[in-house]
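Participant: Contents of my_file.csv (CSV, C-alpha atoms):
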chain,number,residue,atom,x,y,z
A,1319,MET,CA,-130.7,-147.9,-156.1
A,1320,ASP,CA,-129.8,-144.5,-157.5
A,1321,PHE,CA,-129.6,-145.6,-161.2
A,1322,GLN,CA,-129.8,-142.1,-162.5
A,1323,GLY,CA,-126.4,-141.2,-161.0
A,1324,PHE,CA,-124.8,-144.1,-162.9
A,1325,ASN,CA,-126.9,-143.8,-166.1
A,1326,ASP,CA,-124.6,-141.7,-168.4
A,1327,ASN,CA,-121.5,-143.5,-167.1
A,1328,ILE,CA,-122.9,-147.0,-167.6
A,1329,ILE,CA,-124.1,-146.2,-171.1
A,1330,ASN,CA,-120.8,-144.7,-172.0
A,1331,LEU,CA,-118.8,-147.7,-170.6
A,1332,TYR,CA,-121.0,-150.6,-171.8
A,1333,ILE,CA,-122.5,-149.2,-175.0
A,1334,ASN,CA,-120.5,-146.3,-176.5
A,1335,GLU,CA,-117.0,-147.6,-175.6
A,1336,ARG,CA,-117.4,-151.4,-175.1
A,1337,TYR,CA,-120.2,-153.7,-176.0
A,1338,LEU,CA,-120.2,-156.2,-173.1
A,1339,THR,CA,-122.4,-159.2,-172.5
A,1340,ARG,CA,-124.7,-159.6,-169.5
A,1341,LYS,CA,-122.2,-161.8,-167.7
A,1342,GLU,CA,-119.3,-159.4,-168.4
A,1343,ILE,CA,-121.3,-156.4,-167.0
A,1344,LEU,CA,-122.4,-158.4,-164.0
A,1345,PHE,CA,-118.8,-159.2,-163.2
A,1346,ARG,CA,-117.8,-155.6,-163.3
A,1347,LEU,CA,-120.7,-154.4,-161.2
A,1348,LYS,CA,-120.8,-157.2,-158.6
A,1349,ASN,CA,-118.9,-155.0,-156.1
A,1350,ARG,CA,-121.7,-152.4,-156.1
A,1351,PRO,CA,-124.2,-153.8,-153.6
A,1352,THR,CA,-126.4,-150.7,-153.8
A,1353,MET,CA,-127.1,-151.4,-157.5
A,1354,ASP,CA,-130.0,-153.6,-158.7
A,1355,PHE,CA,-128.1,-155.4,-161.5
A,1356,ASN,CA,-131.3,-156.8,-163.1
A,1357,LEU,CA,-132.6,-153.3,-163.4
A,1358,VAL,CA,-129.3,-152.0,-164.8
A,1359,TRP,CA,-129.2,-154.8,-167.4
A,1360,GLU,CA,-132.9,-154.2,-168.3
A,1361,LYS,CA,-132.1,-150.5,-168.9
A,1362,ILE,CA,-129.0,-151.2,-170.9
A,1363,LEU,CA,-130.9,-153.8,-173.0
A,1364,ASN,CA,-133.8,-151.4,-173.6
A,1365,PHE,CA,-131.4,-148.6,-174.6
A,1366,ARG,CA,-129.6,-150.9,-177.0
A,1367,LYS,CA,-132.8,-152.2,-178.6
A,1368,GLY,CA,-134.2,-148.7,-178.8
A,1369,LYS,CA,-131.1,-147.7,-180.9
A,1370,GLY,CA,-131.0,-151.0,-182.7
A,1371,ASN,CA,-132.3,-152.5,-186.0
A,1372,ILE,CA,-134.6,-155.6,-186.1
A,1373,LEU,CA,-133.6,-158.0,-188.8
A,1374,PRO,CA,-135.9,-160.1,-191.0
A,1375,LEU,CA,-134.1,-163.2,-189.7
A,1376,LYS,CA,-135.5,-165.5,-187.0
A,1377,ASP,CA,-134.1,-167.9,-184.5
A,1378,GLN,CA,-135.5,-171.4,-183.8
A,1379,LYS,CA,-138.2,-170.0,-181.6
A,1380,ASP,CA,-139.4,-167.5,-184.3
A,1381,ASN,CA,-137.8,-164.5,-182.4
A,1382,SER,CA,-136.0,-161.9,-184.5
A,1383,PHE,CA,-132.3,-161.2,-184.5
A,1384,TRP,CA,-131.2,-157.6,-184.1
A,1385,TYR,CA,-128.1,-155.4,-183.8
A,1386,MET,CA,-127.1,-151.8,-183.1
A,1387,ILE,CA,-124.1,-149.7,-184.2
A,1388,PRO,CA,-122.4,-148.1,-181.1
A,1389,PRO,CA,-120.2,-145.1,-181.7
A,1390,PHE,CA,-116.9,-147.1,-181.6
A,1391,VAL,CA,-118.3,-149.4,-184.2
A,1392,GLU,CA,-119.2,-146.5,-186.5
A,1393,LYS,CA,-115.5,-145.5,-186.3
A,1394,GLN,CA,-114.4,-149.0,-187.2
A,1395,ILE,CA,-116.8,-149.1,-190.2
A,1396,HIS,CA,-115.5,-145.7,-191.3
A,1397,GLU,CA,-111.9,-147.0,-191.2
A,1398,ILE,CA,-112.8,-150.0,-193.3
A,1399,ASN,CA,-115.0,-148.1,-195.8
A,1400,PHE,CA,-112.7,-145.2,-196.4
A,1401,VAL,CA,-109.3,-145.1,-194.8
A,1402,ALA,CA,-108.3,-148.8,-195.3
A,1403,LYS,CA,-110.0,-149.1,-198.6
A,1404,HIS,CA,-108.4,-146.0,-200.1
A,1405,ARG,CA,-105.0,-146.8,-198.6
A,1406,LEU,CA,-104.9,-150.3,-200.1
A,1407,GLU,CA,-106.0,-148.9,-203.5
A,1408,GLU,CA,-103.4,-146.2,-203.2
A,1409,ILE,CA,-100.5,-148.5,-202.6
A,1410,THR,CA,-101.5,-151.2,-205.0
A,1411,THR,CA,-101.4,-149.2,-208.3
A,1412,LYS,CA,-99.3,-151.8,-210.1
A,1413,GLU,CA,-101.0,-154.8,-211.5
A,1414,LEU,CA,-98.0,-156.9,-210.5
A,1415,HIS,CA,-98.6,-155.9,-206.9
A,1416,LYS,CA,-102.2,-156.8,-207.1
A,1417,LYS,CA,-101.6,-160.2,-208.7
A,1418,ILE,CA,-99.0,-161.1,-206.1
A,1419,LEU,CA,-101.4,-160.2,-203.3
A,1420,ILE,CA,-104.4,-162.0,-204.8
A,1421,ASP,CA,-102.4,-165.2,-205.4
A,1422,GLU,CA,-101.1,-165.0,-201.8
A,1423,MET,CA,-104.5,-164.3,-200.4
A,1424,MET,CA,-106.1,-167.2,-202.2
A,1425,PHE,CA,-103.6,-169.6,-200.8
A,1426,GLU,CA,-103.7,-168.2,-197.2
A,1427,GLU,CA,-107.5,-168.2,-197.2
A,1428,ALA,CA,-107.7,-171.8,-198.6
A,1429,PHE,CA,-105.2,-173.0,-196.0
A,1430,TYR,CA,-106.5,-171.2,-192.9
A,1431,SER,CA,-110.2,-171.7,-193.6
A,1432,SER,CA,-109.3,-175.5,-193.6
A,1433,VAL,CA,-107.2,-175.2,-190.5
A,1434,ILE,CA,-110.1,-173.6,-188.6
A,1435,GLU,CA,-112.2,-176.7,-189.5
A,1436,GLY,CA,-109.5,-179.2,-188.3
A,1437,ALA,CA,-107.3,-179.7,-191.4
A,1438,PHE,CA,-103.7,-180.6,-190.5
A,1439,THR,CA,-100.7,-180.2,-192.9
A,1440,THR,CA,-97.8,-177.8,-193.4
A,1441,LYS,CA,-97.9,-174.6,-195.5
A,1442,LYS,CA,-95.2,-176.1,-197.7
A,1443,ARG,CA,-97.2,-179.2,-198.5
A,1444,ALA,CA,-100.4,-177.1,-198.9
A,1445,LYS,CA,-98.7,-175.0,-201.6
A,1446,GLU,CA,-97.7,-178.2,-203.4
A,1447,VAL,CA,-101.3,-179.5,-203.3
A,1448,VAL,CA,-102.6,-176.2,-204.7
A,1449,LYS,CA,-100.0,-176.3,-207.5
A,1450,THR,CA,-100.2,-180.0,-208.4
A,1451,LYS,CA,-103.9,-180.5,-207.7
A,1452,SER,CA,-103.0,-183.9,-206.1
A,1453,PRO,CA,-104.3,-184.2,-202.5
A,1454,LYS,CA,-103.4,-187.2,-200.5
A,1455,ASP,CA,-105.8,-187.0,-197.6
A,1456,LYS,CA,-108.9,-185.2,-196.4
A,1457,SER,CA,-107.0,-182.2,-195.0
A,1458,GLU,CA,-105.3,-181.7,-198.3
A,1459,GLN,CA,-108.6,-182.1,-200.2
A,1460,MET,CA,-110.2,-179.5,-198.0
A,1461,ILE,CA,-107.4,-177.0,-198.9
A,1462,LEU,CA,-107.7,-177.7,-202.6
A,1463,ASN,CA,-111.5,-177.4,-202.4
A,1464,ASN,CA,-111.3,-174.0,-200.7
A,1465,TYR,CA,-108.8,-172.8,-203.3
A,1466,ASN,CA,-111.1,-173.9,-206.1
A,1467,ALA,CA,-114.1,-172.3,-204.4
A,1468,LEU,CA,-112.2,-168.9,-204.4
A,1469,ILE,CA,-111.5,-169.4,-208.1
A,1470,PHE,CA,-115.2,-170.1,-208.7
A,1471,ILE,CA,-116.2,-167.0,-206.8
A,1472,LEU,CA,-113.9,-164.7,-208.8
A,1473,GLU,CA,-115.1,-166.2,-212.0
A,1474,ASN,CA,-118.8,-165.9,-211.1
A,1475,ILE,CA,-118.8,-162.6,-209.3
A,1476,HIS,CA,-121.3,-161.2,-211.9
A,1477,LYS,CA,-124.0,-163.8,-210.8
A,1478,ASP,CA,-126.7,-163.2,-208.2
A,1479,LEU,CA,-126.3,-164.5,-204.7
A,1480,ASN,CA,-129.0,-167.1,-204.5
A,1481,GLU,CA,-129.5,-170.7,-203.4
A,1482,ASP,CA,-128.0,-172.1,-206.6
A,1483,ILE,CA,-124.6,-170.3,-206.1
A,1484,PHE,CA,-124.7,-171.2,-202.4
A,1485,ILE,CA,-125.2,-174.9,-203.1
A,1486,GLN,CA,-122.5,-174.8,-205.8
A,1487,ILE,CA,-120.0,-173.3,-203.3
A,1488,HIS,CA,-120.9,-176.0,-200.8
A,1489,LYS,CA,-120.4,-178.8,-203.3
A,1490,ILE,CA,-116.9,-177.4,-204.2
A,1491,VAL,CA,-115.7,-177.0,-200.6
A,1492,THR,CA,-116.9,-180.5,-199.6
A,1493,LEU,CA,-115.8,-182.4,-202.7
A,1494,ASN,CA,-114.5,-185.9,-201.7
A,1495,THR,CA,-114.6,-185.0,-198.0
A,1496,LEU,CA,-118.1,-186.1,-196.9
A,1497,GLU,CA,-119.3,-189.4,-195.5
A,1498,LYS,CA,-122.0,-191.1,-197.5
A,1499,ASP,CA,-124.7,-190.2,-195.0
A,1500,GLU,CA,-123.7,-186.5,-195.2
A,1501,GLU,CA,-124.1,-186.2,-199.0
A,1502,THR,CA,-127.2,-184.3,-200.0
A,1503,GLU,CA,-128.4,-182.5,-203.1
A,1504,ARG,CA,-129.4,-179.4,-201.2
A,1505,TYR,CA,-129.6,-179.0,-197.4
A,1506,ARG,CA,-129.3,-181.5,-194.6
A,1507,ASP,CA,-132.3,-183.7,-194.0
A,1508,ASN,CA,-131.6,-184.6,-190.4
A,1509,GLN,CA,-130.5,-183.1,-187.1
A,1510,VAL,CA,-126.9,-182.1,-186.7
A,1511,TYR,CA,-125.0,-181.2,-183.5
A,1512,VAL,CA,-121.9,-179.0,-183.1
A,1513,SER,CA,-119.5,-180.6,-180.6
A,1514,ASP,CA,-116.3,-179.9,-178.8
A,1515,PRO,CA,-114.1,-183.0,-178.3
A,1516,ASN,CA,-113.3,-181.8,-174.8
A,1517,GLN,CA,-117.0,-181.6,-173.8
A,1518,THR,CA,-119.6,-184.4,-173.4
A,1519,GLU,CA,-122.6,-182.3,-174.4
A,1520,PRO,CA,-123.1,-180.5,-177.8
A,1521,ILE,CA,-122.0,-176.9,-177.6
A,1522,TYR,CA,-124.7,-175.9,-180.1
A,1523,ILE,CA,-127.9,-177.6,-181.5
A,1524,PRO,CA,-128.8,-176.0,-184.8
A,1525,PRO,CA,-132.4,-175.7,-186.1
A,1526,LYS,CA,-134.3,-178.9,-187.0
A,1527,ALA,CA,-134.0,-179.9,-190.7
A,1528,PRO,CA,-137.6,-178.8,-191.7
A,1529,LEU,CA,-136.7,-175.2,-190.6
A,1530,VAL,CA,-133.5,-175.0,-192.7
A,1531,GLU,CA,-135.0,-174.2,-196.1
A,1532,PRO,CA,-137.4,-171.4,-194.9
A,1533,MET,CA,-134.7,-169.9,-192.8
A,1534,MET,CA,-132.3,-169.9,-195.8
A,1535,ASN,CA,-135.0,-168.4,-198.0
A,1536,ASP,CA,-135.3,-165.6,-195.5
A,1537,LEU,CA,-131.5,-165.1,-195.7
A,1538,PHE,CA,-131.5,-164.9,-199.5
A,1539,THR,CA,-134.4,-162.4,-199.4
A,1540,PHE,CA,-132.4,-160.3,-196.9
A,1541,ILE,CA,-129.3,-160.4,-199.1
A,1542,ASN,CA,-131.0,-159.3,-202.2
A,1543,ASN,CA,-133.7,-157.0,-200.9
A,1544,SER,CA,-132.4,-153.4,-201.1
A,1545,ASN,CA,-135.7,-152.0,-199.7
A,1546,GLU,CA,-135.6,-153.4,-196.2
A,1547,GLY,CA,-136.8,-150.1,-194.7
A,1548,GLN,CA,-133.3,-149.6,-193.2
A,1549,PHE,CA,-129.9,-149.3,-194.7
A,1550,VAL,CA,-127.4,-151.9,-193.6
A,1551,GLN,CA,-123.8,-151.1,-194.2
A,1552,PRO,CA,-122.4,-153.8,-196.6
A,1553,ILE,CA,-119.6,-154.7,-194.2
A,1554,VAL,CA,-122.1,-155.2,-191.4
A,1555,LYS,CA,-124.5,-157.1,-193.8
A,1556,ALA,CA,-121.6,-159.5,-194.7
A,1557,PHE,CA,-121.1,-160.3,-191.0
A,1558,ILE,CA,-124.8,-160.9,-190.5
A,1559,ILE,CA,-124.8,-163.3,-193.5
A,1560,HIS,CA,-121.8,-165.1,-192.1
A,1561,PHE,CA,-123.4,-165.4,-188.6
A,1562,TYR,CA,-126.8,-166.6,-189.9
A,1563,ILE,CA,-125.3,-169.3,-192.1
A,1564,GLY,CA,-123.4,-170.5,-189.0
A,1565,TYR,CA,-126.6,-170.3,-186.9
A,1566,VAL,CA,-128.8,-172.2,-189.4
A,1567,HIS,CA,-126.1,-174.8,-190.1
A,1568,PRO,CA,-127.8,-175.8,-193.4
A,1569,PHE,CA,-125.4,-178.7,-194.2
A,1570,PHE,CA,-124.0,-181.7,-192.4
A,1571,ASP,CA,-120.5,-180.4,-192.9
A,1572,GLY,CA,-118.7,-177.4,-194.5
A,1573,ASN,CA,-120.9,-174.7,-192.9
A,1574,GLY,CA,-118.0,-172.5,-191.7
A,1575,ARG,CA,-116.1,-172.7,-194.9
A,1576,VAL,CA,-119.2,-171.9,-196.9
A,1577,ALA,CA,-120.1,-169.0,-194.6
A,1578,ARG,CA,-116.7,-167.4,-195.0
A,1579,ALA,CA,-116.7,-167.9,-198.8
A,1580,PHE,CA,-120.2,-166.7,-199.3
A,1581,SER,CA,-119.8,-163.5,-197.2
A,1582,PHE,CA,-116.5,-162.9,-199.1
A,1583,MET,CA,-118.4,-163.1,-202.4
A,1584,TYR,CA,-121.0,-160.7,-201.1
A,1585,LEU,CA,-118.4,-158.1,-200.2
A,1586,LEU,CA,-116.7,-158.4,-203.6
A,1587,LYS,CA,-120.1,-157.9,-205.3
A,1588,GLN,CA,-120.6,-154.8,-203.1
A,1589,GLY,CA,-117.4,-153.2,-204.6
A,1590,TYR,CA,-115.1,-154.1,-201.7
A,1591,GLU,CA,-112.3,-155.1,-204.2
A,1592,PHE,CA,-109.6,-154.8,-201.5
A,1593,PHE,CA,-111.0,-157.9,-199.8
A,1594,LYS,CA,-109.2,-159.8,-202.6
A,1595,PHE,CA,-105.9,-158.8,-201.1
A,1596,PHE,CA,-106.1,-160.4,-197.6
A,1597,SER,CA,-107.2,-163.5,-195.9
A,1598,ILE,CA,-109.8,-163.1,-193.1
A,1599,SER,CA,-109.5,-166.8,-192.1
A,1600,SER,CA,-105.8,-166.3,-191.3
A,1601,ILE,CA,-106.7,-163.7,-188.7
A,1602,ILE,CA,-109.8,-165.7,-187.5
A,1603,ASN,CA,-107.4,-168.6,-186.9
A,1604,LYS,CA,-105.3,-166.4,-184.6
A,1605,HIS,CA,-108.5,-165.4,-182.7
A,1606,ARG,CA,-110.4,-168.6,-182.9
A,1607,LYS,CA,-111.6,-168.5,-179.3
A,1608,ASN,CA,-113.1,-165.0,-179.8
A,1609,TYR,CA,-114.6,-166.1,-183.2
A,1610,TYR,CA,-116.6,-168.9,-181.6
A,1611,LYS,CA,-117.4,-166.9,-178.5
A,1612,SER,CA,-119.0,-164.2,-180.7
A,1613,PHE,CA,-121.5,-166.8,-182.0
A,1614,ILE,CA,-122.4,-167.9,-178.5
A,1615,ASP,CA,-122.6,-164.3,-177.1
A,1616,SER,CA,-125.0,-163.3,-179.9
A,1617,GLU,CA,-127.3,-166.3,-179.3
A,1618,GLU,CA,-127.2,-166.2,-175.5
A,1619,ASN,CA,-127.8,-162.4,-175.2
A,1620,ASN,CA,-131.3,-161.8,-176.6
A,1621,ASN,CA,-130.4,-162.6,-180.2
A,1622,ASP,CA,-128.1,-159.5,-180.3
A,1623,ILE,CA,-125.8,-160.0,-183.3
A,1624,THR,CA,-123.8,-156.9,-182.3
A,1625,TYR,CA,-121.4,-159.2,-180.4
A,1626,PHE,CA,-120.6,-161.0,-183.6
A,1627,ILE,CA,-120.3,-157.8,-185.7
A,1628,THR,CA,-117.9,-156.1,-183.2
A,1629,ALA,CA,-115.7,-159.2,-183.0
A,1630,HIS,CA,-115.5,-159.4,-186.8
A,1631,LEU,CA,-114.8,-155.8,-187.2
A,1632,ASP,CA,-111.8,-156.2,-184.9
A,1633,ILE,CA,-110.7,-159.3,-186.9
A,1634,THR,CA,-111.1,-157.5,-190.3
A,1635,LEU,CA,-109.2,-154.4,-189.2
A,1636,ASP,CA,-106.4,-156.5,-187.8
A,1637,SER,CA,-106.2,-158.2,-191.2
A,1638,ILE,CA,-106.3,-155.0,-193.2
A,1639,ARG,CA,-103.6,-153.4,-191.1
A,1640,GLU,CA,-101.4,-156.5,-191.4
A,1641,VAL,CA,-101.7,-156.5,-195.2
A,1642,ILE,CA,-100.9,-152.7,-195.3
A,1643,ASP,CA,-97.8,-153.3,-193.2
A,1644,LYS,CA,-96.8,-156.2,-195.5
A,1645,LEU,CA,-97.3,-154.2,-198.6
A,1646,LEU,CA,-95.3,-151.3,-197.3
A,1647,ARG,CA,-92.4,-153.7,-196.4
A,1648,GLU,CA,-92.5,-155.7,-199.7
A,1649,PHE,CA,-93.1,-152.9,-202.2
A,1650,GLN,CA,-91.7,-150.0,-200.3
A,1651,SER,CA,-89.1,-148.8,-202.8
A,1652,GLN,CA,-91.4,-149.0,-205.8
A,1653,ILE,CA,-94.4,-147.5,-204.0
A,1654,LEU,CA,-92.3,-144.7,-202.6
A,1655,GLU,CA,-90.9,-143.8,-206.0
A,1656,GLU,CA,-94.4,-143.8,-207.5
A,1657,ARG,CA,-95.8,-141.5,-204.8
A,1658,LEU,CA,-92.9,-139.1,-204.8
A,1659,ASN,CA,-93.1,-138.7,-208.5
A,1660,LYS,CA,-96.9,-138.3,-208.3
A,1661,ASP,CA,-96.5,-135.6,-205.6
A,1662,GLY,CA,-93.7,-133.9,-207.5
A,1663,ILE,CA,-91.1,-134.5,-204.8
A,1664,LEU,CA,-87.5,-135.1,-205.9
A,1665,LEU,CA,-85.1,-136.8,-203.4
A,1666,SER,CA,-81.4,-136.5,-203.7
A,1667,SER,CA,-79.4,-139.7,-204.6
A,1668,ARG,CA,-78.0,-139.6,-201.0
A,1669,GLN,CA,-81.4,-139.5,-199.5
A,1670,GLN,CA,-82.7,-142.4,-201.7
A,1671,LYS,CA,-79.6,-144.4,-200.9
A,1672,TYR,CA,-79.9,-143.9,-197.2
A,1673,LEU,CA,-83.6,-144.9,-197.2
A,1674,ASN,CA,-82.6,-148.2,-198.8
A,1675,LEU,CA,-79.8,-148.6,-196.3
A,1676,ILE,CA,-81.7,-147.9,-193.1
A,1677,LYS,CA,-84.3,-150.6,-194.0
A,1678,ARG,CA,-81.6,-153.2,-193.6
A,1679,LYS,CA,-80.1,-151.8,-190.4
A,1680,GLU,CA,-80.6,-153.5,-187.1
A,1681,THR,CA,-82.0,-150.3,-185.6
A,1682,ASN,CA,-84.3,-147.8,-187.2
A,1683,ILE,CA,-82.5,-144.9,-185.4
A,1684,THR,CA,-79.9,-142.6,-187.0
A,1685,THR,CA,-78.3,-139.2,-186.2
A,1686,ILE,CA,-77.0,-136.3,-188.2
A,1687,GLU,CA,-73.4,-137.3,-187.4
A,1688,GLU,CA,-74.0,-140.9,-188.6
A,1689,TYR,CA,-75.5,-139.6,-191.8
A,1690,ARG,CA,-72.7,-137.1,-192.3
A,1691,LYS,CA,-70.0,-139.7,-191.8
A,1692,LYS,CA,-71.7,-142.1,-194.2
A,1693,PHE,CA,-71.6,-139.7,-197.1
A,1694,LYS,CA,-68.6,-137.6,-196.1
A,1695,ILE,CA,-70.6,-134.4,-196.2
A,1696,SER,CA,-70.9,-131.3,-194.0
A,1697,TYR,CA,-72.9,-131.4,-190.8
A,1698,GLU,CA,-75.3,-128.7,-192.3
A,1699,THR,CA,-75.9,-130.7,-195.5
A,1700,ALA,CA,-76.6,-133.9,-193.4
A,1701,ARG,CA,-79.0,-132.0,-191.1
A,1702,ARG,CA,-80.9,-130.5,-194.1
A,1703,ASP,CA,-81.2,-134.0,-195.8
A,1704,LEU,CA,-82.7,-135.5,-192.6
A,1705,MET,CA,-84.9,-132.6,-191.9
A,1706,GLU,CA,-86.4,-132.9,-195.4
A,1707,LEU,CA,-87.1,-136.6,-194.9
A,1708,GLU,CA,-88.6,-135.8,-191.5
A,1709,SER,CA,-90.9,-133.2,-193.1
A,1710,LEU,CA,-92.2,-135.9,-195.4
A,1711,GLY,CA,-93.0,-138.1,-192.5
A,1712,MET,CA,-90.4,-140.7,-193.2
A,1713,PHE,CA,-88.5,-140.0,-190.0
A,1714,LYS,CA,-89.6,-138.7,-186.6
A,1715,LYS,CA,-87.2,-136.4,-184.7
A,1716,LEU,CA,-86.8,-136.9,-180.9
A,1717,LYS,CA,-84.6,-135.2,-178.4
A,1718,LYS,CA,-82.1,-137.5,-176.6
A,1719,GLY,CA,-80.0,-135.6,-174.1
A,1720,LYS,CA,-78.5,-132.7,-176.0
A,1721,LYS,CA,-78.7,-134.1,-179.5
A,1722,ASN,CA,-81.5,-135.0,-181.9
A,1723,ILE,CA,-82.1,-138.6,-183.0
A,1724,TYR,CA,-84.1,-139.5,-186.1
A,1725,ILE,CA,-86.4,-142.6,-186.0
A,1726,TYR,CA,-87.1,-144.2,-189.4
A,1727,VAL,CA,-90.9,-144.5,-190.0
A,1728,GLY,CA,-90.7,-145.2,-193.7
A,1729,LEU,CA,-93.4,-145.2,-196.3
A,1730,LYS,CA,-96.1,-145.7,-193.7
A,1731,GLY,CA,-95.3,-142.3,-192.2
A,1732,TYR,CA,-95.2,-140.6,-195.6
A,1733,LEU,CA,-98.6,-142.0,-196.6
A,1734,ASN,CA,-100.3,-141.1,-193.3
A,1735,GLU,CA,-103.0,-138.6,-193.9
A,1736,ASP,CA,-104.6,-136.2,-191.3
Can you present the structure in this file as structure tokens?

Facilitator:
Amino acid sequence: MDFQGFNDNIINLYINERYLTRKEILFRLKNRPTMDFNLVWEKILNFRKGKGNILPLKDQKDNSFWYMIPPFVEKQIHEINFVAKHRLEEITTKELHKKILIDEMMFEEAFYSSVIEGAFTTKKRAKEVVKTKSPKDKSEQMILNNYNALIFILENIHKDLNEDIFIQIHKIVTLNTLEKDEETERYRDNQVYVSDPNQTEPIYIPPKAPLVEPMMNDLFTFINNSNEGQFVQPIVKAFIIHFYIGYVHPFFDGNGRVARAFSFMYLLKQGYEFFKFFSISSIINKHRKNYYKSFIDSEENNNDITYFITAHLDITLDSIREVIDKLLREFQSQILEERLNKDGILLSSRQQKYLNLIKRKETNITTIEEYRKKFKISYETARRDLMELESLGMFKKLKKGKKNIYIYVGLKGYLNED
């Protein structure tokens, strides 16, 4: 096999652009009979490990977990750390906006984190439960517990992330939902199995009970040790924390809810305040299949947590973009007025009125003639008004036949930075 000829192309395809599993790469290369796939996979794996970072976290057989940061992942981390973070801070200047978002996030996270674990109720009923604190069944109790856990996290954000906080969060999320034989003061004292009702065999067998405490001690050391010999981006570290809690499965029940809550608390402590504004679980719920697949891929592919990290970066970015779009829709008028004033830009009353009108139109397209007729002004004045709005990024001008049309982009276009 002439591997050298494929070397750069394969590295680019399966490392720099996409981080595929052994099975996924095999599927794509199966029609190349001249290639020795095992050799190709060995070279890909060695390249990844050579660029990767070994973690002080072990599996059940005492092998280390590890990860690498491909170029496309670096870009995603940059977007979260800088673009998305600053954008959210930029468009949530009013405390009222922040309070509305945080209240909404807490409900969404409480609801969807429970739905992921099998809770069944309506959003309307869930809101009543959170408001009245009167759950009628286990599903409703789970939602209320998750909500109370978020309150606990926000009130205790100044405390260290240690076993005590971890156990307290677990007690909150599982209050009045455990069977008698599942209740423990700390970690589980027996074997547990992760099952799928559609399969006869367990889909995952976690570490045996005696391994739980030392593995969790390693995790707390990893969380709080800033001198690991390598810098781990906080967003990446949060995903590693999330993964390892799921892997160790330290409790009989509530592991997923605790993992999401604890990694959320870690990010807030690292200064990622904007995570207060959106629910990761609502997006995970939409991509539940990929969420569980990322656990399996990491375990089955040489303890490579990169699969889990890349999946969660996608989920996080989806959530951030969704919240930004929602913010821009809900607070558009107030935010626009604040930004224009800050930038020293004065719109005419006609322009302000038309921006409010077009948001309610069935189509986001307008023309100079339509604008002219609306305000009974000259063609030149209408053209100038729309050109000013286009220059601010609120409209995009396109040629359709012999005339120009203006597509409304809105506040998102104005706030876009190069």

Participant: Tell me, counting only C-alpha atoms, for each residue of segment 1409-1513 of chain A within 9 Å of segment 1594-1617 of chain A, which pair of atoms is nearest and how far apart they are in Å to one decimal, in rows ordered by chain and increasing number, as a tab-separated table.

Facilitator:
residue	atom	partner	partner_atom	distance
A:Lys1416	CA	A:Phe1595	CA	7.3
A:Lys1417	CA	A:Phe1595	CA	8.8
A:Ile1418	CA	A:Phe1595	CA	8.8
A:Leu1419	CA	A:Phe1595	CA	5.2
A:Ile1420	CA	A:Phe1595	CA	5.1
A:Asp1421	CA	A:Phe1595	CA	8.5
A:Glu1422	CA	A:Phe1595	CA	7.9
A:Met1423	CA	A:Phe1596	CA	5.1
A:Met1424	CA	A:Ser1597	CA	7.4
A:Phe1425	CA	A:Ser1597	CA	8.6
A:Glu1426	CA	A:Ser1597	CA	6.0
A:Glu1427	CA	A:Ser1597	CA	4.9
A:Ala1428	CA	A:Ser1599	CA	8.4
A:Phe1429	CA	A:Ser1600	CA	8.2
A:Tyr1430	CA	A:Ser1600	CA	5.2
A:Ser1431	CA	A:Ser1599	CA	5.2
A:Ser1432	CA	A:Ser1599	CA	8.8
A:Val1433	CA	A:Asn1603	CA	7.5
A:Ile1434	CA	A:Asn1603	CA	5.9

Participant: Set the distance at 12 Å and use only C-alpha atoms: which residues neighbour Asp1455 of chain A once local chain neighbours fewer than 6 positions away are removed? I'd like the list as number ranges by chain.

Facilitator: A: 1437-1439, 1443-1444, 1447, 1461-1462, 1494-1495

Participant: Take the residues from that selection and put them in a file with C-alpha atoms, as a compact mmCIF listing (two decimals), in the coordinates of the input.

Facilitator:
# COMPACT_ATOMS: atom_id res chain seq x y z
CA ALA A 1437 -107.30 -179.70 -191.40
CA PHE A 1438 -103.70 -180.60 -190.50
CA THR A 1439 -100.70 -180.20 -192.90
CA ARG A 1443 -97.20 -179.20 -198.50
CA ALA A 1444 -100.40 -177.10 -198.90
CA VAL A 1447 -101.30 -179.50 -203.30
CA ILE A 1461 -107.40 -177.00 -198.90
CA LEU A 1462 -107.70 -177.70 -202.60
CA ASN A 1494 -114.50 -185.90 -201.70
CA THR A 1495 -114.60 -185.00 -198.00

Participant: Closest to Asp1661 of chain A among A:Ile1490, A:Leu1472, A:Met1534, A:Leu1710, using only C-alpha atoms?

Facilitator: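 Checking each candidate against Asp1661 of chain A, we get A:Leu1710 as the closest.
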
Participant: Can you pull out every residue within 10 Å of Ile1541 of chain A, counting all atoms listed in the file, but drop anything in the same chain fewer than 2 positions away, and send it as a VMD selection string?

Facilitator: chain A and resid 1478 to 1480 1535 to 1539 1543 to 1544 1546 1552 1555 to 1556 1558 to 1559 1584

Participant: For Ile1686 of chain A, find every residue with an atom within 12 Å (counting all atoms listed in the file), except residues of its own chain fewer than 5 positions away, and show them as a VMD selection string.

Facilitator: chain A and resid 1691 to 1705 1715 1721 to 1725

Participant: Enter the distance from atom CA of Arg1340 of chain A to atom CA of Trp1359 of chain A, in Å, rounded to one decimal.

Facilitator: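 Atom-to-atom, atom CA of Arg1340 of chain A and atom CA of Trp1359 of chain A are spaced 6.9 Å apart.
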
Participant: Just how far from atom CA of Phe1383 of chain A is atom CA of Asp1622 of chain A, in Å to one decimal?

Facilitator: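 Those two atoms sit 6.2 Å apart.
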
Participant: One number please: atom CA of Val1448 of chain A to atom CA of Gly1574 of chain A, in Å, one decimal.

Facilitator: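 Going from atom CA of Val1448 of chain A over to atom CA of Gly1574 of chain A, I get 20.5 Å.
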